[in-house]
Every structure is written in structure tokens, then in C-alpha cells.
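Peer 1: Contents of coords_10.txt (compact mmCIF, N, CA and C atoms and all ligand atoms) are given next:
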# COMPACT_ATOMS: atom_id res chain seq x y z
N MET A 1 0.85 -1.18 0.00
CA MET A 1 0.00 0.00 0.00
C MET A 1 0.89 1.25 0.00
N ASN A 2 0.69 2.13 -0.93
CA ASN A 2 1.56 3.30 -1.03
C ASN A 2 1.17 4.40 -0.04
N LYS A 3 -0.10 4.72 0.02
CA LYS A 3 -0.58 5.82 0.87
C LYS A 3 -2.10 5.83 0.81
N VAL A 4 -2.70 6.62 1.68
CA VAL A 4 -4.15 6.83 1.57
C VAL A 4 -4.36 7.74 0.37
N ASP A 5 -5.16 7.29 -0.57
CA ASP A 5 -5.45 8.10 -1.76
C ASP A 5 -6.62 9.03 -1.50
N HIS A 6 -7.69 8.44 -0.96
CA HIS A 6 -8.86 9.27 -0.68
C HIS A 6 -9.75 8.65 0.39
N ILE A 7 -10.64 9.48 0.92
CA ILE A 7 -11.64 9.05 1.90
C ILE A 7 -12.99 9.26 1.23
N GLY A 8 -13.77 8.19 1.15
CA GLY A 8 -15.08 8.27 0.51
C GLY A 8 -16.14 8.66 1.54
N VAL A 9 -16.94 9.66 1.20
CA VAL A 9 -17.98 10.17 2.10
C VAL A 9 -19.32 10.11 1.37
N ALA A 10 -20.29 9.41 1.96
CA ALA A 10 -21.62 9.30 1.34
C ALA A 10 -22.45 10.54 1.68
N VAL A 11 -23.04 11.13 0.65
CA VAL A 11 -23.89 12.32 0.85
C VAL A 11 -25.18 12.16 0.04
N HIS A 12 -26.21 12.87 0.48
CA HIS A 12 -27.46 12.84 -0.29
C HIS A 12 -27.32 13.66 -1.57
N SER A 13 -26.62 14.78 -1.46
CA SER A 13 -26.52 15.68 -2.62
C SER A 13 -25.16 16.38 -2.61
N ILE A 14 -24.37 16.15 -3.66
CA ILE A 14 -23.07 16.82 -3.78
C ILE A 14 -23.28 18.34 -3.80
N GLU A 15 -24.27 18.75 -4.55
CA GLU A 15 -24.55 20.18 -4.68
C GLU A 15 -24.76 20.84 -3.31
N ASP A 16 -25.49 20.15 -2.43
CA ASP A 16 -25.80 20.72 -1.11
C ASP A 16 -24.57 20.81 -0.20
N VAL A 17 -23.67 19.84 -0.30
CA VAL A 17 -22.55 19.82 0.65
C VAL A 17 -21.29 20.48 0.11
N LEU A 18 -21.23 20.69 -1.21
CA LEU A 18 -20.01 21.22 -1.81
C LEU A 18 -19.55 22.55 -1.22
N PRO A 19 -20.45 23.50 -0.95
CA PRO A 19 -19.99 24.77 -0.38
C PRO A 19 -19.28 24.62 0.97
N PHE A 20 -19.67 23.59 1.74
CA PHE A 20 -18.96 23.34 3.00
C PHE A 20 -17.49 23.06 2.73
N TYR A 21 -17.22 22.23 1.71
CA TYR A 21 -15.84 21.86 1.40
C TYR A 21 -15.08 22.99 0.71
N THR A 22 -15.73 23.65 -0.24
CA THR A 22 -14.99 24.63 -1.06
C THR A 22 -14.97 26.02 -0.42
N GLU A 23 -16.02 26.38 0.31
CA GLU A 23 -16.07 27.72 0.88
C GLU A 23 -15.67 27.71 2.36
N THR A 24 -16.30 26.85 3.16
CA THR A 24 -16.00 26.84 4.59
C THR A 24 -14.61 26.26 4.85
N LEU A 25 -14.31 25.12 4.26
CA LEU A 25 -13.00 24.49 4.48
C LEU A 25 -11.95 24.97 3.47
N THR A 26 -12.39 25.70 2.46
CA THR A 26 -11.54 26.30 1.40
C THR A 26 -10.69 25.27 0.65
N PHE A 27 -11.24 24.08 0.44
CA PHE A 27 -10.58 23.10 -0.41
C PHE A 27 -11.04 23.29 -1.85
N ARG A 28 -10.30 22.71 -2.76
CA ARG A 28 -10.62 22.85 -4.18
C ARG A 28 -11.34 21.60 -4.67
N CYS A 29 -12.39 21.79 -5.44
CA CYS A 29 -13.06 20.66 -6.09
C CYS A 29 -12.32 20.37 -7.39
N LEU A 30 -11.77 19.15 -7.50
CA LEU A 30 -10.97 18.80 -8.68
C LEU A 30 -11.85 18.48 -9.87
N HIS A 31 -12.83 17.62 -9.65
CA HIS A 31 -13.79 17.34 -10.72
C HIS A 31 -14.98 16.56 -10.19
N ILE A 32 -16.04 16.58 -10.97
CA ILE A 32 -17.26 15.84 -10.65
C ILE A 32 -17.55 14.94 -11.85
N GLU A 33 -17.87 13.69 -11.58
CA GLU A 33 -18.19 12.79 -12.69
C GLU A 33 -19.22 11.75 -12.25
N GLU A 34 -19.90 11.19 -13.24
CA GLU A 34 -20.82 10.08 -12.97
C GLU A 34 -20.08 8.77 -13.17
N VAL A 35 -20.35 7.81 -12.28
CA VAL A 35 -19.80 6.46 -12.44
C VAL A 35 -21.01 5.54 -12.66
N PRO A 36 -21.38 5.35 -13.93
CA PRO A 36 -22.63 4.63 -14.23
C PRO A 36 -22.64 3.21 -13.69
N SER A 37 -21.47 2.55 -13.65
CA SER A 37 -21.42 1.16 -13.19
C SER A 37 -21.85 1.06 -11.72
N GLU A 38 -21.69 2.15 -10.95
CA GLU A 38 -22.04 2.15 -9.53
C GLU A 38 -23.31 2.93 -9.24
N ASN A 39 -23.91 3.50 -10.28
CA ASN A 39 -25.09 4.36 -10.09
C ASN A 39 -24.82 5.50 -9.12
N ILE A 40 -23.66 6.10 -9.27
CA ILE A 40 -23.30 7.23 -8.38
C ILE A 40 -22.71 8.38 -9.18
N ARG A 41 -22.71 9.54 -8.52
CA ARG A 41 -21.98 10.70 -9.00
C ARG A 41 -20.94 10.99 -7.93
N VAL A 42 -19.74 11.31 -8.32
CA VAL A 42 -18.69 11.57 -7.33
C VAL A 42 -18.06 12.93 -7.58
N ALA A 43 -17.63 13.56 -6.50
CA ALA A 43 -16.86 14.80 -6.57
C ALA A 43 -15.57 14.55 -5.82
N PHE A 44 -14.45 14.92 -6.43
CA PHE A 44 -13.16 14.79 -5.74
C PHE A 44 -12.72 16.16 -5.23
N ILE A 45 -12.47 16.20 -3.92
CA ILE A 45 -12.02 17.42 -3.26
C ILE A 45 -10.57 17.22 -2.88
N GLU A 46 -9.74 18.18 -3.21
CA GLU A 46 -8.33 18.10 -2.85
C GLU A 46 -8.15 18.63 -1.43
N ALA A 47 -7.75 17.75 -0.51
CA ALA A 47 -7.59 18.15 0.89
C ALA A 47 -6.16 17.81 1.31
N GLY A 48 -5.24 18.71 1.01
CA GLY A 48 -3.83 18.42 1.27
C GLY A 48 -3.38 17.26 0.42
N ASN A 49 -2.71 16.26 1.01
CA ASN A 49 -2.21 15.17 0.18
C ASN A 49 -3.15 13.97 0.12
N VAL A 50 -4.37 14.12 0.64
CA VAL A 50 -5.41 13.12 0.37
C VAL A 50 -6.59 13.81 -0.28
N LYS A 51 -7.42 13.02 -0.91
CA LYS A 51 -8.63 13.58 -1.51
C LYS A 51 -9.84 13.11 -0.71
N ILE A 52 -10.89 13.88 -0.78
CA ILE A 52 -12.17 13.45 -0.24
C ILE A 52 -13.06 13.18 -1.45
N GLU A 53 -13.66 12.00 -1.48
CA GLU A 53 -14.51 11.60 -2.59
C GLU A 53 -15.95 11.64 -2.08
N LEU A 54 -16.71 12.62 -2.54
CA LEU A 54 -18.12 12.69 -2.15
C LEU A 54 -18.91 11.76 -3.07
N LEU A 55 -19.74 10.92 -2.48
CA LEU A 55 -20.48 9.90 -3.22
C LEU A 55 -21.97 10.16 -3.10
N GLU A 56 -22.59 10.43 -4.23
CA GLU A 56 -24.03 10.72 -4.24
C GLU A 56 -24.74 9.65 -5.08
N PRO A 57 -25.78 9.02 -4.54
CA PRO A 57 -26.48 7.99 -5.33
C PRO A 57 -27.26 8.62 -6.48
N LEU A 58 -27.25 7.95 -7.63
CA LEU A 58 -28.06 8.42 -8.77
C LEU A 58 -29.44 7.80 -8.76
N ASN A 59 -29.58 6.66 -8.09
CA ASN A 59 -30.90 6.03 -7.97
C ASN A 59 -30.90 5.08 -6.78
N PRO A 60 -32.09 4.62 -6.38
CA PRO A 60 -32.20 3.84 -5.14
C PRO A 60 -31.49 2.48 -5.18
N SER A 61 -31.11 2.00 -6.37
CA SER A 61 -30.44 0.69 -6.42
C SER A 61 -28.95 0.81 -6.14
N SER A 62 -28.45 2.03 -6.04
CA SER A 62 -27.03 2.23 -5.75
C SER A 62 -26.70 1.77 -4.34
N THR A 63 -25.51 1.19 -4.16
CA THR A 63 -25.11 0.77 -2.81
C THR A 63 -25.00 1.99 -1.88
N ILE A 64 -24.73 3.16 -2.46
CA ILE A 64 -24.64 4.38 -1.63
C ILE A 64 -26.03 4.76 -1.12
N ALA A 65 -27.06 4.56 -1.93
CA ALA A 65 -28.43 4.83 -1.47
C ALA A 65 -28.77 3.93 -0.29
N LYS A 66 -28.36 2.66 -0.39
CA LYS A 66 -28.64 1.72 0.70
C LYS A 66 -27.85 2.10 1.95
N PHE A 67 -26.61 2.53 1.76
CA PHE A 67 -25.78 2.98 2.89
C PHE A 67 -26.44 4.17 3.58
N LEU A 68 -26.91 5.13 2.81
CA LEU A 68 -27.55 6.33 3.37
C LEU A 68 -28.82 5.98 4.14
N ASP A 69 -29.59 5.03 3.60
CA ASP A 69 -30.82 4.58 4.28
C ASP A 69 -30.48 4.00 5.65
N LYS A 70 -29.43 3.20 5.68
CA LYS A 70 -29.10 2.45 6.89
C LYS A 70 -28.33 3.29 7.90
N ARG A 71 -27.36 4.07 7.41
CA ARG A 71 -26.40 4.72 8.31
C ARG A 71 -26.45 6.23 8.27
N GLY A 72 -27.09 6.81 7.25
CA GLY A 72 -27.08 8.26 7.09
C GLY A 72 -25.78 8.72 6.45
N GLN A 73 -25.63 10.03 6.31
CA GLN A 73 -24.43 10.57 5.68
C GLN A 73 -23.22 10.32 6.57
N GLY A 74 -22.06 10.14 5.94
CA GLY A 74 -20.84 9.97 6.73
C GLY A 74 -19.77 9.23 5.97
N VAL A 75 -18.69 8.91 6.69
CA VAL A 75 -17.55 8.22 6.07
C VAL A 75 -18.00 6.85 5.58
N HIS A 76 -17.69 6.55 4.33
CA HIS A 76 -18.11 5.30 3.70
C HIS A 76 -16.93 4.34 3.52
N HIS A 77 -15.80 4.85 3.03
CA HIS A 77 -14.64 3.99 2.84
C HIS A 77 -13.35 4.79 2.84
N VAL A 78 -12.23 4.06 2.99
CA VAL A 78 -10.89 4.65 2.91
C VAL A 78 -10.17 3.91 1.80
N ALA A 79 -9.54 4.66 0.90
CA ALA A 79 -8.90 4.04 -0.27
C ALA A 79 -7.39 4.18 -0.20
N PHE A 80 -6.71 3.06 -0.45
CA PHE A 80 -5.25 3.04 -0.53
C PHE A 80 -4.82 3.03 -1.99
N ASN A 81 -3.85 3.85 -2.30
CA ASN A 81 -3.23 3.82 -3.62
C ASN A 81 -2.28 2.63 -3.68
N VAL A 82 -2.40 1.83 -4.73
CA VAL A 82 -1.52 0.67 -4.91
C VAL A 82 -1.00 0.63 -6.35
N ASP A 83 0.12 -0.08 -6.53
CA ASP A 83 0.58 -0.45 -7.86
C ASP A 83 0.23 -1.91 -8.04
N ASP A 84 -0.02 -2.32 -9.28
CA ASP A 84 -0.23 -3.73 -9.58
C ASP A 84 -1.34 -4.33 -8.70
N ILE A 85 -2.53 -3.81 -8.88
CA ILE A 85 -3.67 -4.11 -8.00
C ILE A 85 -3.98 -5.61 -7.93
N GLN A 86 -3.90 -6.31 -9.07
CA GLN A 86 -4.25 -7.74 -9.04
C GLN A 86 -3.29 -8.52 -8.13
N THR A 87 -2.02 -8.16 -8.15
CA THR A 87 -1.04 -8.81 -7.27
C THR A 87 -1.37 -8.53 -5.80
N ARG A 88 -1.74 -7.28 -5.50
CA ARG A 88 -2.12 -6.92 -4.12
C ARG A 88 -3.33 -7.73 -3.67
N ILE A 89 -4.32 -7.85 -4.56
CA ILE A 89 -5.53 -8.63 -4.23
C ILE A 89 -5.14 -10.08 -3.92
N ASN A 90 -4.31 -10.66 -4.77
CA ASN A 90 -3.90 -12.06 -4.58
C ASN A 90 -3.14 -12.23 -3.26
N GLU A 91 -2.26 -11.27 -2.95
CA GLU A 91 -1.50 -11.34 -1.70
C GLU A 91 -2.43 -11.25 -0.49
N LEU A 92 -3.39 -10.33 -0.56
CA LEU A 92 -4.33 -10.20 0.57
C LEU A 92 -5.10 -11.48 0.77
N LYS A 93 -5.56 -12.08 -0.34
CA LYS A 93 -6.34 -13.31 -0.24
C LYS A 93 -5.49 -14.44 0.35
N GLU A 94 -4.23 -14.50 -0.07
CA GLU A 94 -3.32 -15.51 0.50
C GLU A 94 -3.16 -15.32 2.00
N ASN A 95 -3.34 -14.08 2.46
CA ASN A 95 -3.23 -13.78 3.89
C ASN A 95 -4.58 -13.85 4.60
N GLY A 96 -5.56 -14.46 3.94
CA GLY A 96 -6.84 -14.71 4.59
C GLY A 96 -7.83 -13.55 4.55
N VAL A 97 -7.52 -12.52 3.77
CA VAL A 97 -8.43 -11.38 3.67
C VAL A 97 -9.55 -11.72 2.69
N GLN A 98 -10.78 -11.43 3.12
CA GLN A 98 -11.94 -11.64 2.26
C GLN A 98 -12.14 -10.39 1.40
N MET A 99 -12.19 -10.57 0.09
CA MET A 99 -12.37 -9.44 -0.82
C MET A 99 -13.83 -9.37 -1.28
N ILE A 100 -14.34 -8.17 -1.48
CA ILE A 100 -15.63 -8.02 -2.16
C ILE A 100 -15.41 -8.21 -3.66
N ASN A 101 -14.29 -7.68 -4.16
CA ASN A 101 -13.94 -7.81 -5.58
C ASN A 101 -12.65 -8.61 -5.70
N ASN A 102 -12.76 -9.79 -6.30
CA ASN A 102 -11.57 -10.61 -6.51
C ASN A 102 -10.78 -10.14 -7.72
N GLN A 103 -11.44 -9.35 -8.57
CA GLN A 103 -10.77 -8.73 -9.69
C GLN A 103 -11.10 -7.25 -9.67
N PRO A 104 -10.15 -6.42 -10.11
CA PRO A 104 -10.43 -4.98 -10.10
C PRO A 104 -11.54 -4.62 -11.08
N LYS A 105 -12.27 -3.58 -10.74
CA LYS A 105 -13.27 -3.04 -11.67
C LYS A 105 -12.93 -1.57 -11.91
N ILE A 106 -13.54 -0.99 -12.92
CA ILE A 106 -13.22 0.39 -13.26
C ILE A 106 -14.09 1.33 -12.42
N GLY A 107 -13.42 2.20 -11.67
CA GLY A 107 -14.11 3.16 -10.83
C GLY A 107 -13.95 4.57 -11.37
N ALA A 108 -14.15 5.54 -10.49
CA ALA A 108 -14.06 6.96 -10.86
C ALA A 108 -12.69 7.27 -11.45
N GLY A 109 -12.67 8.13 -12.43
CA GLY A 109 -11.42 8.56 -13.04
C GLY A 109 -10.73 7.46 -13.84
N GLY A 110 -11.45 6.36 -14.13
CA GLY A 110 -10.86 5.27 -14.89
C GLY A 110 -9.89 4.43 -14.08
N ALA A 111 -9.82 4.67 -12.76
CA ALA A 111 -8.91 3.90 -11.91
C ALA A 111 -9.44 2.48 -11.76
N GLU A 112 -8.52 1.54 -11.54
CA GLU A 112 -8.93 0.17 -11.22
C GLU A 112 -9.07 0.08 -9.71
N VAL A 113 -10.22 -0.43 -9.26
CA VAL A 113 -10.49 -0.45 -7.83
C VAL A 113 -11.00 -1.83 -7.40
N ALA A 114 -10.78 -2.16 -6.13
CA ALA A 114 -11.31 -3.40 -5.54
C ALA A 114 -11.49 -3.14 -4.05
N PHE A 115 -12.58 -3.65 -3.52
CA PHE A 115 -12.89 -3.43 -2.11
C PHE A 115 -12.61 -4.68 -1.28
N LEU A 116 -12.08 -4.45 -0.07
CA LEU A 116 -11.94 -5.52 0.91
C LEU A 116 -13.27 -5.64 1.66
N HIS A 117 -13.61 -6.82 2.08
CA HIS A 117 -14.82 -6.97 2.87
C HIS A 117 -14.62 -6.29 4.24
N PRO A 118 -15.60 -5.50 4.70
CA PRO A 118 -15.44 -4.82 5.99
C PRO A 118 -15.20 -5.77 7.17
N LYS A 119 -15.60 -7.02 7.02
CA LYS A 119 -15.31 -8.00 8.08
C LYS A 119 -13.81 -8.17 8.21
N SER A 120 -13.14 -8.26 7.07
CA SER A 120 -11.67 -8.38 7.09
C SER A 120 -11.02 -7.07 7.48
N GLY A 121 -11.70 -5.95 7.22
CA GLY A 121 -11.15 -4.63 7.57
C GLY A 121 -11.51 -4.21 8.98
N HIS A 122 -12.00 -5.15 9.78
CA HIS A 122 -12.36 -4.86 11.18
C HIS A 122 -13.32 -3.67 11.27
N GLY A 123 -14.32 -3.72 10.41
CA GLY A 123 -15.38 -2.71 10.47
C GLY A 123 -15.18 -1.55 9.51
N VAL A 124 -14.02 -1.51 8.84
CA VAL A 124 -13.79 -0.42 7.87
C VAL A 124 -13.84 -1.00 6.46
N LEU A 125 -14.53 -0.29 5.58
CA LEU A 125 -14.54 -0.67 4.17
C LEU A 125 -13.31 -0.04 3.51
N TYR A 126 -12.34 -0.88 3.14
CA TYR A 126 -11.13 -0.38 2.48
C TYR A 126 -11.19 -0.68 1.00
N GLU A 127 -10.66 0.26 0.24
CA GLU A 127 -10.60 0.14 -1.21
C GLU A 127 -9.15 0.16 -1.65
N LEU A 128 -8.82 -0.66 -2.61
CA LEU A 128 -7.52 -0.55 -3.29
C LEU A 128 -7.78 0.20 -4.59
N CYS A 129 -6.87 1.06 -4.95
CA CYS A 129 -7.10 1.96 -6.08
C CYS A 129 -5.80 2.12 -6.86
N GLU A 130 -5.81 1.71 -8.12
CA GLU A 130 -4.63 1.88 -8.97
C GLU A 130 -4.95 2.86 -10.07
N LYS A 131 -4.20 3.95 -10.09
CA LYS A 131 -4.42 4.99 -11.10
C LYS A 131 -3.72 4.60 -12.38
N LYS A 132 -4.40 4.79 -13.47
CA LYS A 132 -3.77 4.55 -14.77
C LYS A 132 -2.84 5.71 -15.11
N GLU A 133 -3.32 6.92 -14.83
CA GLU A 133 -2.44 8.09 -14.99
C GLU A 133 -2.05 8.52 -13.60
N LYS A 134 -0.77 8.65 -13.38
CA LYS A 134 -0.28 8.98 -12.04
C LYS A 134 -0.62 10.43 -11.71
N ASP A 135 -0.97 10.64 -10.44
CA ASP A 135 -1.18 12.00 -9.94
C ASP A 135 0.14 12.78 -10.01
N ASN A 136 0.02 14.06 -9.96
CA ASN A 136 1.23 14.88 -9.94
C ASN A 136 1.78 15.05 -8.53
N ASP A 137 1.14 14.42 -7.54
CA ASP A 137 1.61 14.64 -6.16
C ASP A 137 2.61 13.61 -5.70
ZN ZN B 201 -13.28 5.47 -3.43
Here is the file; what I need is its structure written in the form of C-alpha cells.
Peer 2:
Amino acid sequence: MNKVDHIGVAVHSIEDVLPFYTETLTFRCLHIEEVPSENIRVAFIEAGNVKIELLEPLNPSSTIAKFLDKRGQGVHHVAFNVDDIQTRINELKENGVQMINNQPKIGAGGAEVAFLHPKSGHGVLYELCEKKEKDND
């Protein structure tokens, strides 16, 4: 694991919470995009050397909609930047970690991502994230 890449935060509406991040906390919004495979819209906020990923459900079948129903708004996951994601997944599995995704899938920004099961993360949903284009940081 190289570093924490971002912290995912579930929100009802990016539009409603964005001024808190950009005006009150004075962070910069890097970009907003839809991730159709997950039925979500995401906004990436640059917060020092980690990003905050705001996750808004596009429809009730989204896992984020279900999370909001059950838990309300709040921290959803923590993502680690990795190289060679499939090798990391295989190593974790060899060490007894239960994965939600045994193979990476394409997430926001075209990154390859895979989630660890929160049972293996001791209550935290961790994501592995491999960028195809490296950040400038
Ligand atoms: Zn994420």
C-alpha cells in the first residue's frame, strides 16, 4: 500500500454539501463525474495530500443509497493507492483477507479499484485503487 489516496464520504446531494468543502473548508473541487457502473456521481475534493470523494447515489439501487438509508451521511470507505492491484488482491487473499472484488473493476477517473470486505477490515470498508495516470503529487 503506497498511501491513503482518498476518503469516501456518502452524501445525499453533492450540490448541497459542496460549499462546506470549497467555501467553509476552502478546499478545491478537482472534478465531478458520474460512475454509471455504480449508479453514483462523485466529486473529488483536494484536501492536502489526500482527496475526499463525495459519493451521491443516482438512484435507489445504488449501494450508496442503501448505505444512506441504513447509516445516514458519513464516512463510507478509505482508499489506498496501490501499484499492480491484481497482485495486491492475490496477496491479501493468500493472507486470509476476504475481498468483495476478486478482480479490479473500473471506478471513478478510470482507476482500477477493488474493495476488501469490511469483516476483514475490522469494520472499515477499504478500497484498493490503482491509477492509470499517475497524480502529480
Ligand atoms: Zn473510493
Peer 1: Which polymer residues, whether protein, DNA or RNA, lie within 12 Å of the coordinate (-18.1, -5.4, 4.6) when you count only C-alpha atoms? List them as a PyMOL selection string, using the chain letters and numbers from the file.
Peer 2: chain A and resi 63+67+76-77+97-101+115-127
Peer 1: Go through chain A and flag each residue having an atom no more than 6.5 Å from ligand ZN 201 (chain B); for those, report the closest pair of atoms plus their distance in Å to one decimal, using all atoms listed in the file, ordered by chain and rising number, as a tab-separated table.
Peer 2:
residue	atom	partner	partner_atom	distance
A:His6	C	B:ZN201	ZN	6.1
A:Ile7	C	B:ZN201	ZN	6.0
A:Gly8	CA	B:ZN201	ZN	5.2
A:Glu53	CA	B:ZN201	ZN	6.3
A:His77	C	B:ZN201	ZN	6.3
A:Val78	C	B:ZN201	ZN	6.3
A:Ala79	CA	B:ZN201	ZN	5.6
A:Glu127	CA	B:ZN201	ZN	6.4
Peer 1: Using only C-alpha atoms and a cutoff of 7 Å, can you tell me which residues are near (-0.6, 0.6, 0.9) in the file's coordinates, and write them out as a VMD selection string?
Peer 2: chain A and resid 1 to 3 80 to 82
Peer 1: Quick one, how far is atom N of Glu130 in chain A from atom C of Gly110 in chain A?
Peer 2: 7.7 Å
Peer 1: Have a look at A:Lys70, A:Gln86, A:Leu55, A:Val75 and name the one nearest to Val11 in chain A; count all atoms listed in the file.
Peer 2: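 Using all atoms listed in the file, the shortest distance to Val11 in chain A belongs to A:Leu55.
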Peer 1: Need the shell around Ile85 in chain A: protein/DNA/RNA residues with any atom at most 10 Å away, counting only C-alpha atoms. Skip same-chain ones fewer than 2 positions apart. Format as a ChimeraX atom specification?
Peer 2: /A:1,81-83,87-91,103-104,112-114,128-131
Peer 1: Residues as selected, N, CA and C atoms, written as a compact mmCIF listing (two decimals), in the frame of the given file, can you do that?
Peer 2:
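Dumped to out.txt:
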# COMPACT_ATOMS: atom_id res chain seq x y z
N MET A 1 0.85 -1.18 0.00
CA MET A 1 0.00 0.00 0.00
C MET A 1 0.89 1.25 0.00
N ASN A 81 -3.85 3.85 -2.30
CA ASN A 81 -3.23 3.82 -3.62
C ASN A 81 -2.28 2.63 -3.68
N VAL A 82 -2.40 1.83 -4.73
CA VAL A 82 -1.52 0.67 -4.91
C VAL A 82 -1.00 0.63 -6.35
N ASP A 83 0.12 -0.08 -6.53
CA ASP A 83 0.58 -0.45 -7.86
C ASP A 83 0.23 -1.91 -8.04
N THR A 87 -2.02 -8.16 -8.15
CA THR A 87 -1.04 -8.81 -7.27
C THR A 87 -1.37 -8.53 -5.80
N ARG A 88 -1.74 -7.28 -5.50
CA ARG A 88 -2.12 -6.92 -4.12
C ARG A 88 -3.33 -7.73 -3.67
N ILE A 89 -4.32 -7.85 -4.56
CA ILE A 89 -5.53 -8.63 -4.23
C ILE A 89 -5.14 -10.08 -3.92
N ASN A 90 -4.31 -10.66 -4.77
CA ASN A 90 -3.90 -12.06 -4.58
C ASN A 90 -3.14 -12.23 -3.26
N GLU A 91 -2.26 -11.27 -2.95
CA GLU A 91 -1.50 -11.34 -1.70
C GLU A 91 -2.43 -11.25 -0.49
N GLN A 103 -11.44 -9.35 -8.57
CA GLN A 103 -10.77 -8.73 -9.69
C GLN A 103 -11.10 -7.25 -9.67
N PRO A 104 -10.15 -6.42 -10.11
CA PRO A 104 -10.43 -4.98 -10.10
C PRO A 104 -11.54 -4.62 -11.08
N GLU A 112 -8.52 1.54 -11.54
CA GLU A 112 -8.93 0.17 -11.22
C GLU A 112 -9.07 0.08 -9.71
N VAL A 113 -10.22 -0.43 -9.26
CA VAL A 113 -10.49 -0.45 -7.83
C VAL A 113 -11.00 -1.83 -7.40
N ALA A 114 -10.78 -2.16 -6.13
CA ALA A 114 -11.31 -3.40 -5.54
C ALA A 114 -11.49 -3.14 -4.05
N LEU A 128 -8.82 -0.66 -2.61
CA LEU A 128 -7.52 -0.55 -3.29
C LEU A 128 -7.78 0.20 -4.59
N CYS A 129 -6.87 1.06 -4.95
CA CYS A 129 -7.10 1.96 -6.08
C CYS A 129 -5.80 2.12 -6.86
N GLU A 130 -5.81 1.71 -8.12
CA GLU A 130 -4.63 1.88 -8.97
C GLU A 130 -4.95 2.86 -10.07
N LYS A 131 -4.20 3.95 -10.09
CA LYS A 131 -4.42 4.99 -11.10
C LYS A 131 -3.72 4.60 -12.38
